[in-house]
Each structure stands twice: as structure tokens, then as C-alpha cells.
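*Asks:* The structure's right below; bear with me while I get my questions together.
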2 protein chains.
Amino acid sequence: MTSTVIPNVTLTTQANVYFDGKCVSHGFTLADGTKKSVGVVLPATLTFNTGAAEIMECVGGSCEYKLAGSDEWKKSGPGDKFSIPAHSSFEIRVTEPYHYICHFG
Amino acid sequence: MTSTVIPNVTLTTQANVYFDGKCVSHGFTLADGTKKSVGVVLPATLTFNTGAAEIMECVGGSCEYKLAGSDEWKKSGPGDKFSIPAHSSFEIRVTEPYHYICHFG
């Protein structure tokens, strides 16, 4: 089940713009201090590096992703999540806008 | 003074993508039910049409804008606001990402 809205958050007004705008996100903080972001990846093939571990949750559209060290492209659609270890990377291939929540840790 | 964060909002997880991603926004609702959005316009010259009246508040970067019926391009930077009537339009010219809060009505 995807989250269409997230109540009671503190929203950062300035966007994060990656890859000349192929990925745009806005950060937010839950009441307990947990930091997350909502964003969208536009049609492109991109490589993201992680600092902290991340969980990507699809809330609209879809993507294919390939984790570092894997040869397998996997599909992720609404409600699906995938995890990326800390200090790693993943490739993402998008043909329709992929809307996501990024959870850290 | 610009708002770097907005507390206690309900955030819509799916982005609004306009002009092939030259403008991306996320909607949110205040505790009193007021709807707003945060977004970014990437380098481009675009024309936006309004339904309801809007107030655009810059929270980062800058733009130049020209309201329908005006010949004058005006600059808007952090902390600046400009108003667009309902059922009207404006042109926006951006050379560095323009981060904004859109207030309605």
C-alpha cells in the first residue's frame, strides 16, 4: 500500500536538484526527528551513490534498478520498496516518472 | 525573510511534473486545510496559466517574471513574492534553479 500523503511533517522548502533536474526531491522530518525525502526521477538512466543506507519506496510510476555488484535489473512499482546499503550505489532506469519516498538508515 | 522549513504539514508524496520536468512541485496542506506547494523551476522560459489566484514566494535562487498584459520583466529573489490573478498567466525566465512556495487564493 503506498502512502499518498504523510501527515505531521516539517517540510524543507528548498528542493534538492540532481543530474540537471532528472531527479528532484524535497526533504522532510517526522515528529520524532526521522529525516526522509519525497522525490521524482524523470526518464533517464542514472547512477546514485549512497552515504547512509536507503530504502526507496515507489509511490507512483515505476523504475528498474540494479544494485552495485548485481547484474540483474529489477522492476519496482507502486508499493514496492528496495534497499541500498550504505556507501554503495545503484543504477536506475526510468521511462515514466518514478515517484518515491526515500527512507534513510 | 524566507521560510526554510514549514512545520506541521500533510505532504502529498507524488510530485507534480510540468513542462517535461522543467518545473517540479510537491503539494502540502496546513493544519487549517490551506493548500500550498513547494517547487523548483529549472533553467528555462515557461508560461504558466493560473486557475485560482497565486502568490509565488521565492525561497532560493531567482527568476524573472512577466505578468499577462505587462511588458515588464521583473526580478524575484529570496524572500520576494509576486501575485498572479485567477484565470491569468505569467511568463517566467530562469537561469539558476528558482525555488518557491506557491500560495493559493
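Going by the C-alpha cells order, chains are called A, B, ..., each with residues numbered from 1, while ligands are numbered from 1 in the order shown.
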Any chance you could tabulate, as a Markdown table, the residues of chain B at most 6 Å from chain A with each one's nearest atom pair and distance in Å to one decimal, using only C-alpha atoms, in chain and rising number order?

*Replies:*
```
| residue | atom | partner | partner_atom | distance |
| --- | --- | --- | --- | --- |
| B:Thr4 | CA | A:Thr13 | CA | 5.4 |
| B:Val5 | CA | A:Thr12 | CA | 4.4 |
| B:Ile6 | CA | A:Leu11 | CA | 5.1 |
| B:Pro7 | CA | A:Thr10 | CA | 4.0 |
| B:Asn8 | CA | A:Asn8 | CA | 4.7 |
| B:Val9 | CA | A:Asn8 | CA | 5.2 |
| B:Thr10 | CA | A:Pro7 | CA | 4.0 |
| B:Leu11 | CA | A:Ile6 | CA | 5.1 |
| B:Thr12 | CA | A:Val5 | CA | 4.4 |
| B:Thr13 | CA | A:Thr4 | CA | 5.4 |
| B:Gln14 | CA | A:His99 | CA | 5.8 |
| B:Val38 | CA | A:Thr13 | CA | 5.9 |
| B:His99 | CA | A:Gln14 | CA | 5.8 |
```

*Asks:* Select from chain A everything DSSP, run on the backbone, classes as strand (DSSP E), then give the selection as a VMD selection string.

*Replies:* chain A and resid 5 to 12 16 to 18 23 to 29 35 to 41 44 to 49 54 to 60 63 to 67 74 to 76 81 to 84 89 to 94 98 to 104

*Asks:* Would you mind listing what lies within 9 Å of Cys63 (chain B) as a PyMOL selection string, with only C-alpha atoms counted and same-chain residues fewer than 6 positions away left out?

*Replies:* chain B and resi 41+74-77+92-98

*Asks:* For Cys102 (chain B), find every residue with an atom within 6 Å (counting only C-alpha atoms), except residues of its own chain fewer than 2 positions away, and show them as a list in words.

*Replies:*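 The contact residues come out as Lys36, Ser37, Ile55 and Met56 of chain B.
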
*Asks:* Could you give me, as a PyMOL selection string, the residues within 9 Å of Thr50 (chain B), counting only C-alpha atoms and dropping anything in the same chain fewer than 3 positions from it?

*Replies:* chain B and resi 53-54+84-90

*Asks:* If I take CA of Phe82 (chain B) and CA of Phe19 (chain B), how far is one from the other in Å, to one decimal?

*Replies:*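 Here the two named atoms are 21.2 Å from each other.
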
*Asks:* Which is closer to Phe104 (chain A) than all the others in A:Asp32, A:Ser83, A:Phe48, A:Gly69, using only C-alpha atoms?

*Replies:* A:Ser83

*Asks:* Can you measure CA of Glu91 (chain B) to CA of Gly51 (chain B) for me? One decimal in Å is fine.

*Replies:* 15.1 Å

*Asks:* Distance CA of Asp71 (chain B)-CA of Glu57 (chain B), one decimal place?

*Replies:*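 We find that CA of Asp71 (chain B) and CA of Glu57 (chain B) lie 21.3 Å from each other.
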
*Asks:* Would you list the contacts of Trp73 (chain A) as a count of residues only, taking every protein, DNA or RNA residue within 7 Å and counting only C-alpha atoms, but skipping same-chain residues closer than 4 positions in sequence?

*Replies:* 3
